[in-house]
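Peer 1: Handing over query.pdb, PDB, C-alpha atoms, pLDDT in the B column.
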```pdb
MODEL        1
ATOM      1  CA  MET U  28       0.000   0.000   0.000  1.00 96.00           C
ATOM      2  CA  ILE U  29       1.397   3.404  -1.013  1.00 97.00           C
ATOM      3  CA  ARG U  30       0.939   5.885   1.842  1.00 97.00           C
ATOM      4  CA  VAL U  31       0.339   9.440   0.590  1.00 98.00           C
ATOM      5  CA  LEU U  32       0.372  12.801   2.376  1.00 98.00           C
ATOM      6  CA  ILE U  33      -1.323  15.793   0.709  1.00 98.00           C
ATOM      7  CA  ALA U  34      -0.026  19.327   1.341  1.00 97.00           C
ATOM      8  CA  ASP U  35      -2.132  22.144  -0.103  1.00 97.00           C
ATOM      9  CA  ASP U  36      -3.590  25.292   1.446  1.00 95.00           C
ATOM     10  CA  HIS U  37      -6.965  24.828  -0.286  1.00 95.00           C
ATOM     11  CA  PRO U  38      -9.272  22.407   1.614  1.00 96.00           C
ATOM     12  CA  VAL U  39     -11.324  21.726  -1.537  1.00 94.00           C
ATOM     13  CA  VAL U  40      -8.185  20.625  -3.422  1.00 93.00           C
ATOM     14  CA  ARG U  41      -7.109  18.383  -0.534  1.00 96.00           C
ATOM     15  CA  GLN U  42     -10.556  16.821  -0.304  1.00 94.00           C
ATOM     16  CA  GLY U  43     -10.713  16.205  -4.050  1.00 94.00           C
ATOM     17  CA  LEU U  44      -7.293  14.572  -4.108  1.00 95.00           C
ATOM     18  CA  ARG U  45      -8.064  12.459  -1.030  1.00 95.00           C
ATOM     19  CA  THR U  46     -11.395  11.251  -2.433  1.00 93.00           C
ATOM     20  CA  PHE U  47      -9.877  10.171  -5.738  1.00 92.00           C
ATOM     21  CA  LEU U  48      -6.684   8.629  -4.344  1.00 95.00           C
ATOM     22  CA  ASP U  49      -8.558   6.671  -1.669  1.00 94.00           C
ATOM     23  CA  LEU U  50     -10.536   4.958  -4.429  1.00 94.00           C
ATOM     24  CA  GLN U  51      -7.340   3.216  -5.570  1.00 95.00           C
ATOM     25  CA  ASP U  52      -6.716  -0.278  -4.225  1.00 95.00           C
ATOM     26  CA  ASP U  53      -3.000   0.326  -3.675  1.00 97.00           C
ATOM     27  CA  ILE U  54      -3.039   3.923  -2.336  1.00 97.00           C
ATOM     28  CA  THR U  55      -4.148   5.339   1.009  1.00 97.00           C
ATOM     29  CA  VAL U  56      -4.066   8.989   2.119  1.00 97.00           C
ATOM     30  CA  VAL U  57      -2.539   9.092   5.614  1.00 98.00           C
ATOM     31  CA  GLY U  58      -2.800  12.825   6.256  1.00 97.00           C
ATOM     32  CA  GLU U  59      -3.300  16.383   5.035  1.00 97.00           C
ATOM     33  CA  ALA U  60      -1.307  19.572   5.611  1.00 97.00           C
ATOM     34  CA  GLY U  61      -2.458  23.140   4.998  1.00 97.00           C
ATOM     35  CA  ASP U  62       0.990  24.720   4.816  1.00 97.00           C
ATOM     36  CA  GLY U  63       4.641  23.819   4.291  1.00 96.00           C
ATOM     37  CA  ALA U  64       5.581  23.779   7.966  1.00 96.00           C
ATOM     38  CA  GLN U  65       2.760  21.363   8.771  1.00 97.00           C
ATOM     39  CA  ALA U  66       3.820  19.200   5.825  1.00 97.00           C
ATOM     40  CA  VAL U  67       7.367  18.927   7.206  1.00 97.00           C
ATOM     41  CA  GLU U  68       5.971  18.071  10.653  1.00 97.00           C
ATOM     42  CA  LEU U  69       3.610  15.397   9.317  1.00 97.00           C
ATOM     43  CA  VAL U  70       6.290  13.775   7.175  1.00 97.00           C
ATOM     44  CA  GLY U  71       8.300  13.365  10.383  1.00 96.00           C
ATOM     45  CA  GLU U  72       5.319  11.904  12.238  1.00 96.00           C
ATOM     46  CA  LEU U  73       3.726   9.741   9.539  1.00 97.00           C
ATOM     47  CA  SER U  74       6.657   8.803   7.268  1.00 96.00           C
ATOM     48  CA  PRO U  75       4.490   8.699   4.123  1.00 97.00           C
ATOM     49  CA  ASP U  76       5.836   7.051   0.975  1.00 97.00           C
ATOM     50  CA  VAL U  77       4.820   9.972  -1.236  1.00 97.00           C
ATOM     51  CA  LEU U  78       4.107  13.650  -0.495  1.00 98.00           C
ATOM     52  CA  LEU U  79       1.986  15.659  -2.950  1.00 97.00           C
ATOM     53  CA  LEU U  80       3.236  19.196  -2.334  1.00 96.00           C
ATOM     54  CA  ASP U  81       1.821  22.515  -3.494  1.00 95.00           C
ATOM     55  CA  LEU U  82       4.406  25.273  -4.023  1.00 92.00           C
ATOM     56  CA  LYS U  83       2.428  28.370  -3.014  1.00 91.00           C
ATOM     57  CA  MET U  84       1.427  27.947   0.630  1.00 93.00           C
ATOM     58  CA  PRO U  85       1.421  30.109   3.767  1.00 92.00           C
ATOM     59  CA  VAL U  86       3.836  29.855   6.727  1.00 93.00           C
ATOM     60  CA  MET U  87       6.390  27.948   4.632  1.00 94.00           C
ATOM     61  CA  ASP U  88       6.147  27.532   0.872  1.00 93.00           C
ATOM     62  CA  GLY U  89       6.695  24.282  -0.995  1.00 90.00           C
ATOM     63  CA  LEU U  90      10.312  25.047  -1.841  1.00 91.00           C
ATOM     64  CA  GLY U  91      11.084  25.700   1.818  1.00 93.00           C
ATOM     65  CA  ALA U  92       9.426  22.410   2.744  1.00 96.00           C
ATOM     66  CA  LEU U  93      11.444  20.592   0.068  1.00 93.00           C
ATOM     67  CA  GLU U  94      14.681  21.974   1.465  1.00 91.00           C
ATOM     68  CA  ARG U  95      13.699  21.005   5.010  1.00 93.00           C
ATOM     69  CA  LEU U  96      12.852  17.484   3.841  1.00 94.00           C
ATOM     70  CA  SER U  97      16.128  16.989   1.983  1.00 84.00           C
ATOM     71  CA  GLY U  98      17.391  13.489   2.729  1.00 80.00           C
ATOM     72  CA  SER U  99      13.948  12.227   3.736  1.00 88.00           C
ATOM     73  CA  ALA U 100      12.907   8.786   2.500  1.00 91.00           C
ATOM     74  CA  THR U 101       9.560  10.273   1.423  1.00 96.00           C
ATOM     75  CA  ARG U 102       9.322  10.798  -2.337  1.00 95.00           C
ATOM     76  CA  ILE U 103       7.987  14.274  -3.104  1.00 95.00           C
ATOM     77  CA  VAL U 104       5.861  15.268  -6.089  1.00 95.00           C
ATOM     78  CA  VAL U 105       5.267  18.981  -6.607  1.00 94.00           C
ATOM     79  CA  LEU U 106       1.640  19.502  -7.653  1.00 94.00           C
ATOM     80  CA  THR U 107       1.071  23.160  -8.444  1.00 90.00           C
ATOM     81  CA  SER U 108      -1.353  25.392 -10.332  1.00 85.00           C
ATOM     82  CA  VAL U 109       1.342  28.001 -11.000  1.00 70.00           C
ATOM     83  CA  SER U 110       3.000  27.454 -14.356  1.00 68.00           C
ATOM     84  CA  ASP U 111       6.067  29.625 -13.737  1.00 70.00           C
ATOM     85  CA  PRO U 112       8.906  27.814 -15.587  1.00 70.00           C
ATOM     86  CA  SER U 113      11.463  29.198 -13.125  1.00 75.00           C
ATOM     87  CA  ASP U 114       9.928  27.088 -10.344  1.00 81.00           C
ATOM     88  CA  VAL U 115      10.838  23.753 -11.914  1.00 83.00           C
ATOM     89  CA  GLY U 116      14.642  23.795 -11.622  1.00 79.00           C
ATOM     90  CA  PRO U 117      14.827  24.912  -7.959  1.00 84.00           C
ATOM     91  CA  ALA U 118      12.175  22.355  -6.959  1.00 86.00           C
ATOM     92  CA  MET U 119      13.965  19.458  -8.679  1.00 84.00           C
ATOM     93  CA  ARG U 120      17.349  20.507  -7.307  1.00 81.00           C
ATOM     94  CA  ALA U 121      15.827  20.725  -3.825  1.00 84.00           C
ATOM     95  CA  GLY U 122      14.891  17.055  -4.044  1.00 86.00           C
ATOM     96  CA  ALA U 123      11.502  16.749  -5.756  1.00 91.00           C
ATOM     97  CA  ALA U 124      11.040  13.430  -7.547  1.00 89.00           C
ATOM     98  CA  GLY U 125       8.285  14.813  -9.746  1.00 89.00           C
ATOM     99  CA  PHE U 126       6.742  18.060 -10.967  1.00 90.00           C
ATOM    100  CA  LEU U 127       3.129  18.132 -12.139  1.00 91.00           C
ATOM    101  CA  TYR U 128       0.424  20.729 -12.662  1.00 89.00           C
ATOM    102  CA  LYS U 129      -3.030  20.560 -11.097  1.00 89.00           C
ATOM    103  CA  ASP U 130      -4.702  20.224 -14.495  1.00 87.00           C
ATOM    104  CA  VAL U 131      -3.120  16.767 -14.787  1.00 87.00           C
ATOM    105  CA  ASP U 132      -5.539  13.991 -15.690  1.00 87.00           C
ATOM    106  CA  PRO U 133      -6.554  12.154 -12.465  1.00 88.00           C
ATOM    107  CA  THR U 134      -5.518   8.797 -13.913  1.00 89.00           C
ATOM    108  CA  ALA U 135      -2.133  10.245 -14.851  1.00 89.00           C
ATOM    109  CA  LEU U 136      -1.745  11.546 -11.299  1.00 92.00           C
ATOM    110  CA  VAL U 137      -2.329   8.066  -9.885  1.00 93.00           C
ATOM    111  CA  GLN U 138       0.210   6.634 -12.326  1.00 91.00           C
ATOM    112  CA  ALA U 139       2.648   9.368 -11.262  1.00 91.00           C
ATOM    113  CA  VAL U 140       2.261   8.466  -7.583  1.00 95.00           C
ATOM    114  CA  ARG U 141       2.965   4.818  -8.401  1.00 94.00           C
ATOM    115  CA  ALA U 142       5.915   5.666 -10.659  1.00 89.00           C
ATOM    116  CA  VAL U 143       7.572   8.011  -8.173  1.00 91.00           C
ATOM    117  CA  HIS U 144       7.006   5.504  -5.366  1.00 92.00           C
ATOM    118  CA  GLY U 145       8.778   2.969  -7.591  1.00 88.00           C
ATOM    119  CA  GLY U 146      11.852   5.178  -7.804  1.00 84.00           C
ATOM    120  CA  GLN U 147      11.178   6.974 -11.067  1.00 83.00           C
ATOM    121  CA  VAL U 148      11.477  10.697 -11.788  1.00 81.00           C
ATOM    122  CA  LEU U 149       8.491  12.340 -13.423  1.00 79.00           C
ATOM    123  CA  LEU U 150       8.148  15.746 -15.065  1.00 77.00           C
ATOM    124  CA  ALA U 151       5.053  17.150 -16.748  1.00 75.00           C
ATOM    125  CA  PRO U 152       5.932  17.863 -20.403  1.00 68.00           C
ATOM    126  CA  GLU U 153       5.764  21.627 -19.748  1.00 73.00           C
ATOM    127  CA  ALA U 154       8.044  21.236 -16.729  1.00 72.00           C
ATOM    128  CA  ALA U 155      10.563  19.211 -18.746  1.00 65.00           C
ATOM    129  CA  GLU U 156      10.540  21.892 -21.437  1.00 67.00           C
ATOM    130  CA  ALA U 157      11.152  24.548 -18.778  1.00 66.00           C
ATOM    131  CA  MET U 158      14.105  22.564 -17.435  1.00 62.00           C
ATOM    132  CA  LEU U 159      15.560  22.213 -20.926  1.00 60.00           C
ATOM    133  CA  ALA U 160      15.081  25.915 -21.655  1.00 60.00           C
ATOM    134  CA  THR U 161      16.796  26.832 -18.392  1.00 57.00           C
ATOM    135  CA  ALA U 162      19.613  24.408 -19.158  1.00 52.00           C
ATOM    136  CA  ALA U 163      20.087  25.942 -22.591  1.00 46.00           C
ATOM    137  CA  ASP U 164      20.435  29.412 -21.068  1.00 50.00           C
ATOM    138  CA  ALA U 165      22.751  28.338 -18.266  1.00 48.00           C
ATOM    139  CA  VAL U 166      26.490  27.812 -18.472  1.00 43.00           C
ATOM    140  CA  VAL U 167      26.940  24.157 -17.569  1.00 47.00           C
ATOM    141  CA  PRO U 168      30.077  22.028 -17.373  1.00 51.00           C
ATOM    142  CA  ALA U 169      30.885  19.894 -20.395  1.00 49.00           C
ATOM    143  CA  PRO U 170      29.039  16.575 -20.299  1.00 57.00           C
ATOM    144  CA  VAL U 171      30.923  13.674 -18.749  1.00 66.00           C
ATOM    145  CA  PRO U 172      32.105  11.192 -21.409  1.00 80.00           C
ATOM    146  CA  LEU U 173      29.758   8.206 -21.379  1.00 85.00           C
ATOM    147  CA  THR U 174      29.764   5.185 -23.655  1.00 88.00           C
ATOM    148  CA  GLU U 175      26.996   4.987 -26.239  1.00 89.00           C
ATOM    149  CA  ARG U 176      25.190   2.337 -24.179  1.00 92.00           C
ATOM    150  CA  GLU U 177      25.531   4.404 -20.995  1.00 91.00           C
ATOM    151  CA  ARG U 178      24.013   7.395 -22.814  1.00 89.00           C
ATOM    152  CA  GLU U 179      21.089   5.189 -23.868  1.00 91.00           C
ATOM    153  CA  VAL U 180      20.620   4.024 -20.278  1.00 93.00           C
ATOM    154  CA  LEU U 181      20.799   7.611 -18.990  1.00 91.00           C
ATOM    155  CA  ALA U 182      18.178   8.761 -21.511  1.00 88.00           C
ATOM    156  CA  LEU U 183      15.869   5.968 -20.359  1.00 90.00           C
ATOM    157  CA  ILE U 184      16.460   6.861 -16.688  1.00 89.00           C
ATOM    158  CA  ALA U 185      15.494  10.441 -17.559  1.00 85.00           C
ATOM    159  CA  ALA U 186      12.330   9.082 -19.198  1.00 82.00           C
ATOM    160  CA  GLY U 187      11.419   7.509 -15.853  1.00 82.00           C
ATOM    161  CA  ARG U 188      11.978   3.885 -16.872  1.00 87.00           C
ATOM    162  CA  SER U 189      12.709   1.214 -14.284  1.00 88.00           C
ATOM    163  CA  ASN U 190      15.682  -1.159 -14.634  1.00 92.00           C
ATOM    164  CA  ARG U 191      13.332  -3.870 -15.854  1.00 92.00           C
ATOM    165  CA  GLU U 192      11.854  -1.577 -18.523  1.00 91.00           C
ATOM    166  CA  ILE U 193      15.328  -0.452 -19.598  1.00 93.00           C
ATOM    167  CA  ALA U 194      16.441  -4.081 -19.883  1.00 94.00           C
ATOM    168  CA  ARG U 195      13.416  -4.866 -22.051  1.00 93.00           C
ATOM    169  CA  SER U 196      13.974  -1.767 -24.205  1.00 91.00           C
ATOM    170  CA  LEU U 197      17.657  -2.538 -24.819  1.00 93.00           C
ATOM    171  CA  ALA U 198      17.200  -6.324 -24.988  1.00 93.00           C
ATOM    172  CA  VAL U 199      19.763  -6.977 -22.249  1.00 93.00           C
ATOM    173  CA  ALA U 200      19.673  -8.637 -18.824  1.00 94.00           C
ATOM    174  CA  GLU U 201      18.409  -6.589 -15.871  1.00 92.00           C
ATOM    175  CA  LYS U 202      21.696  -7.342 -14.105  1.00 93.00           C
ATOM    176  CA  THR U 203      23.551  -5.700 -17.013  1.00 93.00           C
ATOM    177  CA  VAL U 204      21.330  -2.617 -16.695  1.00 94.00           C
ATOM    178  CA  LYS U 205      22.135  -2.372 -12.968  1.00 92.00           C
ATOM    179  CA  THR U 206      25.848  -2.348 -13.835  1.00 92.00           C
ATOM    180  CA  HIS U 207      25.320   0.381 -16.444  1.00 93.00           C
ATOM    181  CA  VAL U 208      23.242   2.458 -13.989  1.00 92.00           C
ATOM    182  CA  SER U 209      25.969   2.148 -11.333  1.00 91.00           C
ATOM    183  CA  ASN U 210      28.615   3.212 -13.862  1.00 90.00           C
ATOM    184  CA  VAL U 211      26.520   6.182 -14.999  1.00 90.00           C
ATOM    185  CA  LEU U 212      25.955   7.384 -11.422  1.00 88.00           C
ATOM    186  CA  MET U 213      29.659   7.003 -10.640  1.00 86.00           C
ATOM    187  CA  LYS U 214      30.818   8.840 -13.786  1.00 85.00           C
ATOM    188  CA  LEU U 215      28.352  11.684 -13.251  1.00 83.00           C
ATOM    189  CA  GLY U 216      29.273  11.921  -9.574  1.00 80.00           C
ATOM    190  CA  VAL U 217      25.616  11.795  -8.488  1.00 80.00           C
ATOM    191  CA  GLN U 218      23.917   9.885  -5.685  1.00 78.00           C
ATOM    192  CA  ASP U 219      20.749   8.592  -7.289  1.00 83.00           C
ATOM    193  CA  ARG U 220      18.560   8.276 -10.372  1.00 85.00           C
ATOM    194  CA  THR U 221      16.820  11.595  -9.669  1.00 80.00           C
ATOM    195  CA  GLN U 222      20.099  13.495  -9.924  1.00 80.00           C
ATOM    196  CA  ALA U 223      21.115  11.485 -12.988  1.00 85.00           C
ATOM    197  CA  ALA U 224      17.803  12.349 -14.671  1.00 83.00           C
ATOM    198  CA  LEU U 225      18.336  16.034 -13.869  1.00 80.00           C
ATOM    199  CA  TYR U 226      21.828  15.840 -15.375  1.00 80.00           C
ATOM    200  CA  ALA U 227      20.358  14.320 -18.527  1.00 83.00           C
ATOM    201  CA  VAL U 228      17.734  17.072 -18.775  1.00 75.00           C
ATOM    202  CA  ARG U 229      20.308  19.833 -18.209  1.00 72.00           C
ATOM    203  CA  HIS U 230      22.585  18.452 -20.935  1.00 72.00           C
ATOM    204  CA  GLY U 231      19.878  17.543 -23.405  1.00 70.00           C
ATOM    205  CA  LEU U 232      20.559  13.800 -23.063  1.00 69.00           C
ATOM    206  CA  GLY U 233      17.066  12.854 -21.918  1.00 56.00           C
TER
ENDMDL
END
```
Hey, can you dump this file as structure tokens for me?
Peer 2:
Amino acid sequence: MIRVLIADDHPVVRQGLRTFLDLQDDITVVGEAGDGAQAVELVGELSPDVLLLDLKMPVMDGLGALERLSGSATRIVVLTSVSDPSDVGPAMRAGAAGFLYKDVDPTALVQAVRAVHGGQVLLAPEAAEAMLATAADAVVPAPVPLTEREREVLALIAAGRSNREIARSLAVAEKTVKTHVSNVLMKLGVQDRTQAALYAVRHGLG
């Protein structure tokens, strides 16, 4: 069962999300927060698997909550109505595992919760475009030299594919994919798949 915490300052939004998510056989909503500070507190108390986090909230905004929750085992999906492209990069760098907008199809939201819980990184198409645009404007270090196969694996990580899906896509053993993923993380000097996916987006490899 995937345990979800909802953080949004609008009660109607929280109620709508709770009602829909609780209909799913494999998802249960364990709590609600009306601001960022309460979200941080409830993550500490409830240890949810996934936090759906609004960005614009009183007391402490979503970005502040993300920074406070850095290192937490809870996977965080930003779910915002504000389509400011400049919000995407800071949120992902602060540790978000996903970035979606509130006009997302409900079914797609459920799939996103499952995907992020499974270790994938998920960006709404508009958010991915914003990340790429920001990356194009920014001065970034030259990409680390990867083998052709490692670049393929990195692109698939950035697309949110699991090791099993990557293995199927490349027609190789899952064990081989794990080795490639480890090599990619080591070469890029990053800790996890989220950071690797961000690297791929920044360098246009995704």
Peer 1: Residues within 8 Å of Gln147 of chain U, please, as a ChimeraX atom specification. Count all atoms listed in the file; anything in the same chain fewer than 2 positions from it doesn't count.
Peer 2: /U:124,142-145,149,184,187-189,220-221
Peer 1: Quick one: everything within 10 Å of Gln65 of chain U, counting all atoms listed in the file, minus sequence neighbours fewer than 6 positions away in the same chain. Send it as a list in words.
Peer 2: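 In the requested format, the answer is Ala34, Glu59, Gly71, Val86, Met87 and Ala92 of chain U.
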Peer 1: If you apply the PyMOL selection byres ((chain U and resi 115) around 8) to this file, what residues do you get, as a ChimeraX atom specification?
Peer 2: /U:111-114,116-119,126,154,157-158
Peer 1: For Arg45 of chain U, work out the shell of residues within 12 Å, counting all atoms listed in the file and skipping chain neighbours fewer than 6 positions away, then give it as JSON, numbers by chain.
Peer 2: {"U": [30, 31, 32, 33, 34, 35, 38, 39, 51, 54, 55, 56, 57, 58, 59, 60, 79, 133, 137]}
Peer 1: Using the chain letters and numbering of this document, enumerate as JSON, numbers by chain the residues selected by the PyMOL selection byres ((chain U and resi 89) around 9).
Peer 2: {"U": [34, 62, 63, 66, 80, 81, 82, 83, 84, 87, 88, 90, 91, 92, 93, 94, 105, 118]}
Peer 1: Taking 5 positions as the minimum chain separation for residues in the same chain, which residues sit within 12 Å of Asn210 of chain U when counting only C-alpha atoms? Answer as a list in words.
Peer 2: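 In the requested format, the answer is Val171, Pro172, Leu173, Thr174, Arg176, Glu177, Arg178, Val180, Leu181, Thr203, Val204, Lys205, Leu215, Gly216, Val217, Gln218, Asp219, Arg220 and Ala223 of chain U.
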Peer 1: What's the separation between atom CA of Leu96 of chain U and atom CA of Gly146 of chain U, in Å to one decimal place?
Peer 2: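 Separating atom CA of Leu96 of chain U from atom CA of Gly146 of chain U is a distance of 17.0 Å.
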Peer 1: Can you measure atom CA of Val208 of chain U to atom CA of Ala185 of chain U for me? One decimal in Å is fine.
Peer 2: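 Those two atoms sit 11.7 Å apart.
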Peer 1: Kindly indicate which residue among U:Arg141, U:Ile103, U:Ser97, U:Lys129 lies nearest to Asp52 of chain U, using only C-alpha atoms for the distances.
Peer 2: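 Ranking U:Arg141, U:Ile103, U:Ser97, U:Lys129 by distance to Asp52 of chain U, first place goes to U:Arg141.
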Peer 1: Here is a test: counting only C-alpha atoms, which residue of U:Asn190, U:Ser99, U:Thr46, U:Gln222 is nearest to His207 of chain U?
Peer 2: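 Closest to His207 of chain U of all the choices is U:Asn190.
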